[in-house]
$ cat query_3.txt   # compact mmCIF, C-alpha atoms
# COMPACT_ATOMS: atom_id res chain seq x y z
CA MET F 22 108.87 96.31 85.18
CA VAL F 23 106.03 98.70 84.37
CA ALA F 24 106.85 102.23 85.45
CA LYS F 25 104.53 104.11 87.80
CA ARG F 26 102.91 106.90 85.83
CA ILE F 27 102.68 110.62 86.56
CA ILE F 28 99.67 112.27 84.95
CA PRO F 29 98.92 116.01 84.91
CA CYS F 30 95.24 116.82 84.51
CA LEU F 31 94.19 119.89 82.52
CA ASP F 32 90.74 121.45 82.78
CA VAL F 33 89.46 122.84 79.50
CA LYS F 34 86.61 125.28 79.05
CA ASP F 35 85.45 126.36 75.61
CA GLY F 36 88.66 125.02 74.10
CA ARG F 37 91.11 126.67 76.50
CA THR F 38 92.81 125.48 79.67
CA VAL F 39 91.68 127.15 82.84
CA LYS F 40 93.07 127.45 86.40
CA GLY F 41 96.10 129.40 87.44
CA ILE F 42 99.12 128.18 85.58
CA ASN F 43 102.63 129.06 86.51
CA PHE F 44 104.76 128.26 83.50
CA VAL F 45 106.40 131.60 82.91
CA SER F 46 107.88 130.64 79.57
CA LEU F 47 104.56 129.70 77.98
CA ARG F 48 103.41 132.25 75.45
CA ASP F 49 99.78 131.39 75.97
CA VAL F 50 98.87 129.63 79.19
CA GLY F 51 95.39 128.97 77.86
CA ASP F 52 96.71 126.94 74.94
CA ALA F 53 95.88 123.35 75.83
CA VAL F 54 98.11 121.94 73.11
CA GLU F 55 101.17 123.94 74.11
CA LEU F 56 100.67 123.21 77.80
CA GLY F 57 100.28 119.51 77.08
CA ARG F 58 103.44 119.49 75.01
CA ARG F 59 105.27 121.27 77.80
CA TYR F 60 104.24 118.60 80.32
CA SER F 61 105.16 115.88 77.85
CA ASP F 62 108.62 117.43 77.42
CA GLU F 63 109.00 117.56 81.20
CA GLY F 64 108.40 113.82 81.47
CA ALA F 65 104.66 113.42 82.05
CA ASP F 66 103.71 109.82 81.19
CA GLU F 67 100.16 110.60 80.10
CA LEU F 68 97.84 113.56 80.03
CA VAL F 69 94.20 113.94 81.02
CA TYR F 70 92.08 116.67 79.47
CA LEU F 71 88.82 117.32 81.27
CA ASP F 72 86.15 119.27 79.43
CA ILE F 73 84.29 121.48 81.88
CA SER F 74 82.33 123.37 79.22
CA ALA F 75 78.65 123.32 79.92
CA THR F 76 77.43 124.28 76.46
CA PHE F 77 76.99 122.39 73.22
CA GLU F 78 79.24 124.88 71.47
CA GLY F 79 81.93 124.35 74.11
CA ARG F 80 81.79 120.58 73.63
CA ARG F 81 82.18 120.94 69.89
CA THR F 82 85.21 123.15 70.42
CA PHE F 83 86.65 120.50 72.75
CA CYS F 84 86.34 117.85 70.06
CA SER F 85 88.31 119.91 67.57
CA LEU F 86 90.86 120.61 70.30
CA VAL F 87 91.26 116.84 70.80
CA GLU F 88 92.20 116.56 67.11
CA LYS F 89 94.91 119.17 67.58
CA ILE F 90 96.21 117.47 70.73
CA ALA F 91 96.38 114.10 68.96
CA LEU F 92 98.42 115.61 66.17
CA ALA F 93 100.86 117.44 68.45
CA ILE F 94 101.36 115.10 71.43
CA ASN F 95 103.27 111.81 71.22
CA ILE F 96 102.21 110.30 74.56
CA PRO F 97 98.83 108.79 75.44
CA PHE F 98 96.04 111.08 76.56
CA THR F 99 92.64 110.57 78.15
CA VAL F 100 89.68 112.87 77.72
CA GLY F 101 86.73 113.19 80.03
CA GLY F 102 83.84 115.39 80.98
CA GLY F 103 80.26 115.05 79.88
CA ILE F 104 80.60 111.74 78.04
CA SER F 105 77.19 110.13 78.33
CA SER F 106 76.77 107.97 75.24
CA VAL F 107 78.64 105.62 72.91
CA ASP F 108 78.35 108.34 70.26
CA ASP F 109 80.10 110.87 72.53
CA ALA F 110 82.91 108.34 73.04
CA ALA F 111 83.10 107.54 69.32
CA ARG F 112 83.48 111.21 68.41
CA LEU F 113 86.42 111.57 70.79
CA LEU F 114 88.02 108.33 69.57
CA ASP F 115 87.71 109.55 65.99
CA ALA F 116 89.28 112.84 67.05
CA GLY F 117 92.29 110.87 68.30
CA ALA F 118 91.81 110.35 72.05
CA ASP F 119 93.51 107.21 73.41
CA LYS F 120 91.08 106.78 76.29
CA ILE F 121 87.90 108.34 77.61
CA SER F 122 86.86 108.59 81.22
CA VAL F 123 83.29 108.24 82.39
CA ASN F 124 81.94 109.16 85.81
CA THR F 125 78.44 110.51 86.46
CA ALA F 126 76.91 109.03 83.30
CA ALA F 127 78.19 105.55 84.19
CA ILE F 128 76.62 105.73 87.64
CA LYS F 129 73.28 106.64 86.07
CA ASN F 130 73.71 104.01 83.37
CA PRO F 131 76.35 101.32 84.13
CA GLN F 132 75.58 99.68 80.77
CA LEU F 133 77.42 102.61 79.18
CA ILE F 134 80.74 101.06 80.33
CA SER F 135 79.85 97.70 78.77
CA ASP F 136 78.69 99.33 75.53
CA ILE F 137 81.81 101.46 75.04
CA ALA F 138 84.21 98.68 76.12
CA SER F 139 82.67 96.03 73.89
CA LYS F 140 82.80 98.35 70.90
CA TYR F 141 86.22 99.94 71.39
CA GLY F 142 88.03 97.74 73.92
CA SER F 143 88.72 97.99 77.64
CA GLN F 144 91.94 99.92 77.06
CA PHE F 145 89.76 102.83 75.89
CA VAL F 146 87.58 103.10 79.02
CA VAL F 147 88.62 104.67 82.32
CA ILE F 148 86.06 104.57 85.12
CA ALA F 149 86.38 107.65 87.31
CA ILE F 150 84.89 107.48 90.79
CA ASP F 151 84.61 110.41 93.20
CA ALA F 152 83.73 109.07 96.63
CA ARG F 153 83.51 110.25 100.21
CA GLN F 154 83.11 108.44 103.51
CA VAL F 155 79.60 108.26 104.93
CA ASP F 156 79.27 106.47 108.27
CA GLY F 157 82.52 104.64 107.63
CA ARG F 158 81.61 103.51 104.11
CA TRP F 159 83.03 104.94 100.91
CA MET F 160 80.10 106.11 98.78
CA ALA F 161 80.35 107.34 95.18
CA THR F 162 79.16 110.84 94.36
CA THR F 163 78.23 112.53 91.08
CA HIS F 164 78.84 115.93 89.52
CA GLY F 165 82.27 116.35 91.11
CA GLY F 166 81.17 115.39 94.61
CA LYS F 167 77.98 117.43 94.72
CA PHE F 168 75.43 114.65 94.91
CA PRO F 169 75.53 111.43 96.95
CA THR F 170 74.59 108.09 95.39
CA ASP F 171 73.80 104.64 96.78
CA LYS F 172 76.83 103.10 95.08
CA GLU F 173 79.53 101.82 97.42
CA LEU F 174 83.08 102.40 96.13
CA PHE F 175 84.50 98.86 96.20
CA SER F 176 81.49 97.09 94.74
CA TRP F 177 81.01 99.80 92.10
CA ALA F 178 84.70 99.68 91.12
CA HIS F 179 84.50 95.91 90.83
CA GLU F 180 81.33 96.07 88.77
CA ALA F 181 82.93 98.63 86.45
CA GLN F 182 85.91 96.33 85.95
CA GLU F 183 83.63 93.37 85.21
CA ARG F 184 81.74 95.52 82.71
CA GLY F 185 84.97 96.21 80.87
CA ALA F 186 86.56 99.35 82.32
CA GLY F 187 90.31 99.15 81.74
CA GLU F 188 91.46 101.50 84.51
CA LEU F 189 90.10 103.08 87.68
CA LEU F 190 90.65 106.72 88.55
CA PHE F 191 89.66 107.12 92.19
CA THR F 192 89.39 110.51 93.90
CA SER F 193 88.59 110.83 97.56
CA MET F 194 86.39 113.91 97.94
CA ASP F 195 87.39 113.92 101.61
CA HIS F 196 91.02 114.44 100.61
CA ASP F 197 90.76 116.37 97.34
CA GLY F 198 92.20 119.84 97.73
CA THR F 199 93.43 119.26 101.29
CA LYS F 200 97.08 118.64 100.33
CA ALA F 201 97.19 116.28 103.31
CA GLY F 202 97.92 113.09 101.37
CA TYR F 203 95.88 110.17 100.07
CA PRO F 204 93.78 107.54 101.90
CA LEU F 205 96.47 104.86 101.49
CA ALA F 206 94.56 101.92 102.96
CA THR F 207 91.69 102.53 100.54
CA TYR F 208 94.05 102.52 97.55
CA ARG F 209 95.68 99.32 98.83
CA GLU F 210 92.30 97.68 99.09
CA LEU F 211 91.34 98.77 95.57
CA ASN F 212 94.60 97.36 94.26
CA ARG F 213 93.98 94.06 96.04
CA LEU F 214 90.40 93.85 94.80
CA LEU F 215 90.97 94.81 91.16
CA SER F 216 93.14 93.48 88.35
CA ILE F 217 93.01 96.74 86.38
CA PRO F 218 95.42 99.63 87.07
CA VAL F 219 94.42 102.14 89.74
CA ILE F 220 95.13 105.87 89.32
CA ALA F 221 95.27 107.98 92.49
CA SER F 222 93.92 111.51 92.40
CA GLY F 223 93.27 114.30 94.86
CA GLY F 224 95.08 115.05 98.08
CA ALA F 225 98.75 115.32 97.18
CA GLY F 226 100.58 118.19 98.82
CA SER F 227 104.12 116.91 98.58
CA ILE F 228 106.41 114.55 96.71
CA GLN F 229 106.29 112.25 99.74
CA ASP F 230 102.48 111.99 99.45
CA ILE F 231 102.84 110.81 95.85
CA ALA F 232 105.62 108.41 96.80
CA ASP F 233 103.39 106.99 99.55
CA VAL F 234 100.40 106.32 97.30
CA LEU F 235 102.57 104.73 94.59
CA GLY F 236 104.51 102.71 97.17
CA GLU F 237 102.48 101.85 100.25
CA GLY F 238 99.16 102.60 98.48
CA CYS F 239 100.12 100.33 95.54
CA ALA F 240 98.59 102.77 93.02
CA ASP F 241 99.82 102.41 89.44
CA ALA F 242 99.71 106.10 88.65
CA ALA F 243 99.22 109.47 90.29
CA LEU F 244 97.17 112.23 88.72
CA ALA F 245 97.30 115.84 89.87
CA ALA F 246 96.33 119.27 88.63
CA SER F 247 97.11 122.36 90.66
CA ILE F 248 100.38 121.20 92.24
CA PHE F 249 101.77 120.87 88.73
CA HIS F 250 100.03 123.90 87.24
CA LEU F 251 101.11 126.17 90.07
CA GLY F 252 104.66 124.87 89.87
CA GLU F 253 104.60 123.61 93.48
CA ILE F 254 105.96 120.29 92.29
CA ARG F 255 107.87 120.00 89.04
CA ILE F 256 107.65 116.71 87.21
CA PRO F 257 111.43 116.25 86.65
CA ASP F 258 112.07 116.82 90.38
CA LEU F 259 109.21 114.52 91.33
CA LYS F 260 110.48 111.70 89.15
CA ARG F 261 114.04 112.08 90.36
CA GLU F 262 112.88 111.84 93.97
CA LEU F 263 110.62 108.86 93.27
CA LYS F 264 113.53 107.07 91.63
CA LYS F 265 115.68 107.70 94.71
CA LEU F 266 112.91 106.08 96.76
CA ASN F 267 113.12 102.99 94.52
CA ILE F 268 109.78 103.62 92.85
CA PRO F 269 110.11 102.61 89.19
CA VAL F 270 109.58 105.66 86.96
CA ARG F 271 110.37 106.52 83.37
CA ILE F 272 113.15 109.11 83.27
CA MET X 26 105.39 106.77 49.29
CA ILE X 27 104.52 105.41 52.74
CA ALA X 28 101.46 103.16 52.90
CA ILE X 29 99.34 102.25 55.91
CA VAL X 30 97.37 99.03 55.50
CA ASN X 31 93.74 100.09 55.92
CA TYR X 32 91.82 96.87 56.54
CA GLY X 33 89.08 98.27 58.74
CA VAL X 34 90.76 97.47 62.05
CA GLY X 35 91.91 99.93 64.63
CA ASN X 36 92.51 103.55 65.10
CA ILE X 37 94.66 104.48 62.13
CA ARG X 38 94.63 108.15 62.99
CA SER X 39 97.30 107.87 65.69
CA VAL X 40 99.63 106.17 63.21
CA VAL X 41 98.89 108.85 60.60
CA ASN X 42 99.56 111.56 63.18
CA ALA X 43 102.86 109.94 64.18
CA LEU X 44 103.97 109.73 60.55
CA ASN X 45 102.99 113.39 60.12
CA ARG X 46 105.16 114.28 63.10
CA ALA X 47 108.03 112.33 61.53
CA GLY X 48 107.67 114.43 58.38
CA VAL X 49 105.52 112.12 56.23
CA THR X 50 102.81 114.55 55.15
CA GLU X 51 100.47 112.28 53.24
CA PRO X 52 100.72 108.58 53.98
CA VAL X 53 98.49 106.50 51.71
CA LEU X 54 95.75 104.50 53.44
CA THR X 55 94.96 101.47 51.34
CA ALA X 56 94.11 97.79 51.18
CA GLU X 57 94.99 97.56 47.45
CA PRO X 58 97.82 95.06 46.83
CA GLU X 59 99.06 97.00 43.76
CA LEU X 60 99.42 100.19 45.78
CA LEU X 61 101.01 98.41 48.76
CA ALA X 62 103.52 96.73 46.44
CA LYS X 63 104.61 100.12 45.10
CA ALA X 64 105.09 101.74 48.53
CA ASP X 65 108.60 102.45 49.85
CA LYS X 66 107.50 101.42 53.34
CA VAL X 67 104.38 99.71 54.65
CA VAL X 68 102.88 100.04 58.15
CA LEU X 69 100.44 97.40 59.41
CA PRO X 70 98.54 98.78 62.43
CA GLY X 71 95.93 96.94 64.49
CA VAL X 72 94.07 97.00 67.78
CA GLY X 73 91.42 94.80 69.33
CA ASP X 74 90.93 91.08 68.99
CA ALA X 75 93.64 89.28 66.96
CA SER X 76 91.28 86.70 65.44
CA CYS X 77 88.90 89.46 64.26
CA ALA X 78 91.83 91.42 62.85
CA MET X 79 93.15 88.32 61.06
CA ALA X 80 89.68 87.68 59.59
CA ALA X 81 89.56 91.29 58.37
CA LEU X 82 92.99 90.90 56.77
CA ARG X 83 91.84 87.72 54.99
CA ASP X 84 88.63 89.43 53.85
CA CYS X 85 90.79 92.07 52.16
CA GLY X 86 92.81 89.31 50.49
CA LEU X 87 95.98 90.48 52.21
CA ALA X 88 96.90 87.53 54.47
CA GLU X 89 98.76 85.77 51.65
CA PHE X 90 99.94 88.98 50.02
CA ILE X 91 101.68 90.82 52.88
CA PRO X 92 104.32 88.07 53.40
CA THR X 93 105.37 88.55 49.75
CA LEU X 94 106.25 92.24 50.22
CA THR X 95 109.95 93.04 49.81
CA GLN X 96 110.20 96.61 51.14
CA PRO X 97 110.45 97.35 54.91
CA VAL X 98 107.15 96.51 56.67
CA LEU X 99 106.35 97.53 60.26
CA GLY X 100 103.58 95.82 62.23
CA ILE X 101 102.37 97.63 65.34
CA CYS X 102 100.70 95.91 68.32
CA VAL X 103 98.06 93.54 66.88
CA GLY X 104 99.64 94.25 63.47
CA LEU X 105 102.78 92.54 64.77
CA GLN X 106 100.77 89.69 66.26
CA LEU X 107 99.26 88.93 62.86
CA MET X 108 102.81 88.53 61.54
CA CYS X 109 103.51 85.71 64.06
CA ARG X 110 102.67 82.00 63.56
CA ARG X 111 99.48 81.95 65.58
CA SER X 112 97.67 83.71 68.41
CA GLU X 113 95.98 82.24 71.44
CA GLU X 114 93.39 85.03 71.15
CA GLY X 115 90.61 83.25 69.29
CA ASP X 116 93.14 80.46 68.57
CA VAL X 117 93.88 81.86 65.14
CA LYS X 118 96.52 80.98 62.57
CA CYS X 119 98.40 84.11 61.54
CA MET X 120 100.78 84.98 58.68
CA GLY X 121 103.77 83.12 60.06
CA ILE X 122 106.43 85.67 59.14
CA PHE X 123 108.01 85.66 62.63
CA ASP X 124 108.98 82.36 64.13
CA THR X 125 106.92 82.63 67.33
CA ASP X 126 103.45 82.37 68.86
CA VAL X 127 101.31 84.93 70.68
CA VAL X 128 100.02 83.84 74.09
CA ARG X 129 98.09 85.38 76.99
CA PHE X 130 99.73 86.75 80.14
CA GLN X 131 99.02 84.33 82.97
CA PRO X 132 97.44 85.88 86.07
CA ALA X 133 99.90 86.15 88.95
CA GLU X 134 100.10 87.97 92.25
CA GLY X 135 100.75 91.66 91.65
CA LEU X 136 100.66 91.35 87.85
CA LYS X 137 98.24 93.71 86.14
CA ILE X 138 96.60 92.49 82.96
CA PRO X 139 96.38 94.14 80.47
CA HIS X 140 100.03 95.15 80.54
CA MET X 141 99.41 98.87 80.29
CA GLY X 142 101.87 101.71 80.56
CA TRP X 143 105.56 102.41 80.11
CA ASN X 144 108.04 99.57 80.27
CA SER X 145 111.67 99.24 79.25
CA ILE X 146 113.15 97.44 76.24
CA SER X 147 116.54 95.73 76.27
CA ASP X 148 118.84 93.56 74.13
CA LEU X 149 118.14 95.96 71.29
CA LYS X 150 119.11 94.83 67.80
CA THR X 151 118.84 96.18 64.21
CA GLY X 152 118.72 99.71 62.83
CA LEU X 153 115.18 100.15 64.15
CA PHE X 154 116.73 101.06 67.50
CA LYS X 155 119.62 103.14 66.17
CA GLY X 156 120.54 105.86 68.67
CA LEU X 157 118.44 104.37 71.48
CA LYS X 158 119.78 103.42 74.89
CA GLU X 159 119.26 99.99 76.40
CA GLY X 160 116.42 100.25 78.91
CA SER X 161 114.56 102.98 77.01
CA TYR X 162 110.88 103.20 77.95
CA VAL X 163 108.06 102.58 75.47
CA TYR X 164 104.28 102.49 75.82
CA TYR X 165 102.41 99.18 75.90
CA VAL X 166 98.71 98.23 76.01
CA HIS X 167 98.07 94.50 75.52
CA SER X 168 96.96 91.24 77.15
CA TYR X 169 98.67 88.84 74.70
CA TYR X 170 102.38 88.81 73.94
CA PRO X 171 104.76 87.31 71.36
CA GLN X 172 107.12 84.81 72.97
CA LEU X 173 110.88 85.22 72.79
CA CYS X 174 112.48 83.64 69.71
CA GLY X 175 115.39 83.98 67.31
CA ASP X 176 113.66 86.96 65.64
CA THR X 177 113.43 88.95 68.90
CA ILE X 178 115.12 92.36 68.54
CA ALA X 179 113.92 93.86 71.85
CA ALA X 180 112.84 92.18 75.07
CA THR X 181 110.55 93.42 77.83
CA ARG X 182 109.61 91.82 81.15
CA HIS X 183 106.07 91.78 82.58
CA GLY X 184 105.93 88.71 84.78
CA VAL X 185 107.67 86.90 81.93
CA ALA X 186 110.19 88.14 79.37
CA PHE X 187 108.62 88.52 75.92
CA SER X 188 109.35 89.99 72.48
CA GLY X 189 108.85 93.76 72.59
CA ALA X 190 109.90 93.82 68.96
CA LEU X 191 110.69 91.29 66.22
CA ALA X 192 112.46 91.37 62.88
CA ARG X 193 113.08 88.96 60.05
CA GLY X 194 114.44 90.13 56.70
CA ASN X 195 112.46 93.19 55.63
CA PHE X 196 109.73 92.60 58.24
CA TYR X 197 109.67 94.43 61.58
CA GLY X 198 107.11 94.54 64.35
CA THR X 199 106.67 96.26 67.71
CA GLN X 200 104.31 95.01 70.39
CA PHE X 201 104.53 98.49 71.96
CA HIS X 202 103.11 101.65 70.38
CA PRO X 203 105.92 103.77 68.94
CA GLU X 204 103.28 106.36 67.97
CA LYS X 205 102.57 106.90 71.70
CA SER X 206 106.08 106.40 73.08
CA GLY X 207 107.24 110.01 73.27
CA GLU X 208 110.61 110.96 71.79
CA VAL X 209 111.81 107.34 71.91
CA GLY X 210 108.88 106.29 69.74
CA THR X 211 109.38 109.16 67.33
CA LEU X 212 113.01 108.09 66.88
CA ILE X 213 111.95 104.48 66.22
CA ILE X 214 109.52 105.67 63.54
CA LYS X 215 112.19 107.85 61.97
CA ASN X 216 114.61 104.90 62.03
CA PHE X 217 112.02 102.74 60.29
CA LEU X 218 111.53 105.38 57.61
CA GLU X 219 115.29 105.35 57.00
CA LEU X 220 115.66 101.57 56.73

$ encode --input "query_3.txt" --output "structure tokens"
Amino acid sequence: MVAKRIIPCLDVKDGRTVKGINFVSLRDVGDAVELGRRYSDEGADELVYLDISATFEGRRTFCSLVEKIALAINIPFTVGGGISSVDDAARLLDAGADKISVNTAAIKNPQLISDIASKYGSQFVVIAIDARQVDGRWMATTHGGKFPTDKELFSWAHEAQERGAGELLFTSMDHDGTKAGYPLATYRELNRLLSIPVIASGGAGSIQDIADVLGEGCADAALAASIFHLGEIRIPDLKRELKKLNIPVRI
Amino acid sequence: MIAIVNYGVGNIRSVVNALNRAGVTEPVLTAEPELLAKADKVVLPGVGDASCAMAALRDCGLAEFIPTLTQPVLGICVGLQLMCRRSEEGDVKCMGIFDTDVVRFQPAEGLKIPHMGWNSISDLKTGLFKGLKEGSYVYYVHSYYPQLCGDTIAATRHGVAFSGALARGNFYGTQFHPEKSGEVGTLIIKNFLEL
């Protein structure tokens, strides 16, 4: 049986991880490679590195960082942030990334998903959707929730799958940062609608929240950032608890 | 000398990186039969469509040559599939080293295709899995699988039970990615290097 995956997400700016990080034993909390290795040692199943640099120079630094990550880390990792062309994706593939995630650029140009998937395979393309509820409908947003779009979550997710996306990373902007749990019914519906794996993101405040989205919400994986970085939930504890709750995990 | 078959298919870098981590500093990337014949170990990687990969292998003149190798050979993912009899993907005849066929996962309620993520391997055989526990987790990404057969040395279940790894004589293959399978994968690569 395929194990449910636990995925820490690391934000990277100008080649270094940002956000408060609570690993006391790390020599350099900004070192994206060392932090990734630490999570890998703790039992993370995959890693996501998100480039939040806004400059050309920052993006170039990120690409050379990806090469270092690929050399040091022996679990799969996804990179995202600012990927808007097949060339951007190719550079990251060449640097050693296992998958790339696309979000805003794919909404502006859905063909981007088809182009990357047909060239490098569906397993390489993660479609990330940030959505919020507007008059009872889930609508996709861009730029990390800043701007509304006319794309409805379920139809957009389905279109992305048909275009060749190999996984869906769905974040509810209504739940992100609230620590109040995930919109379980929405995840269930995505799982029913799609044949590709669904990764839940945004909203977890407790181990039970993660157990709920992997169990009742039928998500294949749970991604989180601050609860791991701040040490609020430790991955070994999380996996032990999930196992007790009969959720299949790799320990 | 460790050689990686470089036939223009797939992301060879992750295999190179994994060999580096296992202490092989400079694996040789080549499609030259003379060089491959001289290697102590040969790795055959591969991703993407099996029929395209098989065509690329033929174009390099290696489809007849690889089965004649006598040192340990490890096929990974599509590399392993090319070592089977045939693949349903593009309905292509493969090298026929392993006594089995590669077929597509059939859609079923609750079954995600591709089979992506960590799954366990059991009924482990041969030195490739020396020091590993039954039920160890490895990383898979694939939509086609090699069926169980007499050459199966590890089994995994995803809807059906299939060959997670195969071996016959000096030939080995893993459907999973040891280069992405954490410490378990690193140990499998080290075991291969010690065969």

$ interface_residues --input "query_3.txt" --of "chain F" --to "chain X" --cutoff "7 Å" --atoms "only C-alpha atoms" --output "list in words"
Met22, Val23, Ala24, Leu92, Asn95, Ile96, Pro97, Gly117, Gly142, Ser216, Ile217, Pro218 and Arg271 of chain F

$ write_last_selection --input "query_3.txt" --atoms "C-alpha atoms" --output "tab-separated table (two decimals), in the coordinates of the input"
chain	number	residue	atom	x	y	z
F	22	MET	CA	108.87	96.31	85.18
F	23	VAL	CA	106.03	98.70	84.37
F	24	ALA	CA	106.85	102.23	85.45
F	92	LEU	CA	98.42	115.61	66.17
F	95	ASN	CA	103.27	111.81	71.22
F	96	ILE	CA	102.21	110.30	74.56
F	97	PRO	CA	98.83	108.79	75.44
F	117	GLY	CA	92.29	110.87	68.30
F	142	GLY	CA	88.03	97.74	73.92
F	216	SER	CA	93.14	93.48	88.35
F	217	ILE	CA	93.01	96.74	86.38
F	218	PRO	CA	95.42	99.63	87.07
F	271	ARG	CA	110.37	106.52	83.37

$ closest_residue --input "query_3.txt" --among "X:Asn195, X:Ser112, X:Gln200, X:Ser147" --to "Val67 of chain X" --atoms "all atoms listed in the file"
X:Asn195

$ closest_residue --input "query_3.txt" --among "F:Val100, F:Leu174, F:Ala186, F:Ala161" --to "Leu211 of chain F" --atoms "only C-alpha atoms"
F:Leu174

$ closest_residue --input "query_3.txt" --among "F:Ile104, F:Ile256, F:Ala181, F:Ala201" --to "Glu67 of chain F" --atoms "all atoms listed in the file"
F:Ile256

$ residues_near_point --input "query_3.txt" --point "(103.5, 108.2, 87.6)" --cutoff "9 Å" --atoms "only C-alpha atoms" --output "count of residues only"
19

$ closest_residue --input "query_3.txt" --among "X:Val98, X:Ala64, X:Cys119, X:Leu105" --to "Arg83 of chain X" --atoms "only C-alpha atoms"
X:Cys119

$ atom_distance --input "query_3.txt" --atom1 "atom CA of Ala225 of chain F" --atom2 "atom CA of Ser105 of chain F"
29.1 Å

$ atom_distance --input "query_3.txt" --atom1 "atom CA of Leu149 of chain X" --atom2 "atom CA of Ala190 of chain X"
8.8 Å

$ closest_residue --input "query_3.txt" --among "F:Thr199, F:Thr99, F:Ser193, F:Thr207" --to "Phe175 of chain F" --atoms "only C-alpha atoms"
F:Thr207

$ residues_around --input "query_3.txt" --residues "segment 75-81 of chain X" --least-positions-apart "2" --cutoff "9 Å" --atoms "all atoms listed in the file" --output "compact mmCIF listing (two decimals) with C-alpha atoms, in the coordinates of the input"
# COMPACT_ATOMS: atom_id res chain seq x y z
CA TYR X 32 91.82 96.87 56.54
CA GLY X 33 89.08 98.27 58.74
CA VAL X 34 90.76 97.47 62.05
CA GLY X 35 91.91 99.93 64.63
CA GLY X 71 95.93 96.94 64.49
CA VAL X 72 94.07 97.00 67.78
CA GLY X 73 91.42 94.80 69.33
CA ARG X 83 91.84 87.72 54.99
CA ASP X 84 88.63 89.43 53.85
CA CYS X 85 90.79 92.07 52.16
CA GLY X 86 92.81 89.31 50.49
CA LEU X 87 95.98 90.48 52.21
CA ALA X 88 96.90 87.53 54.47
CA VAL X 103 98.06 93.54 66.88
CA GLY X 104 99.64 94.25 63.47
CA GLN X 106 100.77 89.69 66.26
CA LEU X 107 99.26 88.93 62.86
CA SER X 112 97.67 83.71 68.41
CA GLU X 113 95.98 82.24 71.44
CA GLU X 114 93.39 85.03 71.15
CA GLY X 115 90.61 83.25 69.29
CA ASP X 116 93.14 80.46 68.57
CA VAL X 117 93.88 81.86 65.14
CA LYS X 118 96.52 80.98 62.57
CA CYS X 119 98.40 84.11 61.54
CA MET X 120 100.78 84.98 58.68

$ atom_distance --input "query_3.txt" --atom1 "atom CA of Lys66 of chain X" --atom2 "atom CA of Phe154 of chain X"
16.9 Å

$ closest_residue --input "query_3.txt" --among "X:Ala192, X:Asp65, X:Glu57, X:Cys109" --to "Ile27 of chain X" --atoms "all atoms listed in the file"
X:Asp65

$ residues_around --input "query_3.txt" --residues "Val155 of chain F" --least-positions-apart "4" --cutoff "12 Å" --atoms "only C-alpha atoms" --output "VMD selection string"
chain F and resid 159 to 162 169 to 174 193 to 195

$ decode --input "query_3.txt" --residues "segment 192-200 of chain F" --atoms "N, CA, C and O atoms" --output "compact mmCIF listing (two decimals), in the first residue's frame"
# COMPACT_ATOMS: atom_id res chain seq x y z
N THR F 192 -4.15 24.52 -1.81
CA THR F 192 -4.13 25.29 -0.57
C THR F 192 -5.39 26.14 -0.50
O THR F 192 -5.69 26.89 -1.43
N SER F 193 -6.11 26.00 0.60
CA SER F 193 -7.26 26.88 0.82
C SER F 193 -6.76 28.16 1.45
O SER F 193 -6.23 28.15 2.57
N MET F 194 -6.94 29.29 0.75
CA MET F 194 -6.49 30.56 1.32
C MET F 194 -7.39 30.99 2.47
O MET F 194 -7.02 31.85 3.26
N ASP F 195 -8.57 30.36 2.57
CA ASP F 195 -9.44 30.64 3.72
C ASP F 195 -8.94 29.95 4.99
O ASP F 195 -9.31 30.33 6.09
N HIS F 196 -8.14 28.89 4.81
CA HIS F 196 -7.67 28.13 5.96
C HIS F 196 -6.19 28.34 6.25
O HIS F 196 -5.74 28.12 7.37
N ASP F 197 -5.43 28.73 5.23
CA ASP F 197 -3.98 28.87 5.36
C ASP F 197 -3.65 29.81 6.52
O ASP F 197 -4.19 30.92 6.59
N GLY F 198 -2.79 29.34 7.40
CA GLY F 198 -2.36 30.18 8.52
C GLY F 198 -3.30 30.23 9.70
O GLY F 198 -2.99 30.81 10.74
N THR F 199 -4.49 29.61 9.58
CA THR F 199 -5.46 29.68 10.68
C THR F 199 -5.20 28.64 11.76
O THR F 199 -5.66 28.78 12.88
N LYS F 200 -4.51 27.55 11.37
CA LYS F 200 -4.28 26.42 12.28
C LYS F 200 -5.59 25.82 12.78
O LYS F 200 -5.66 25.26 13.87
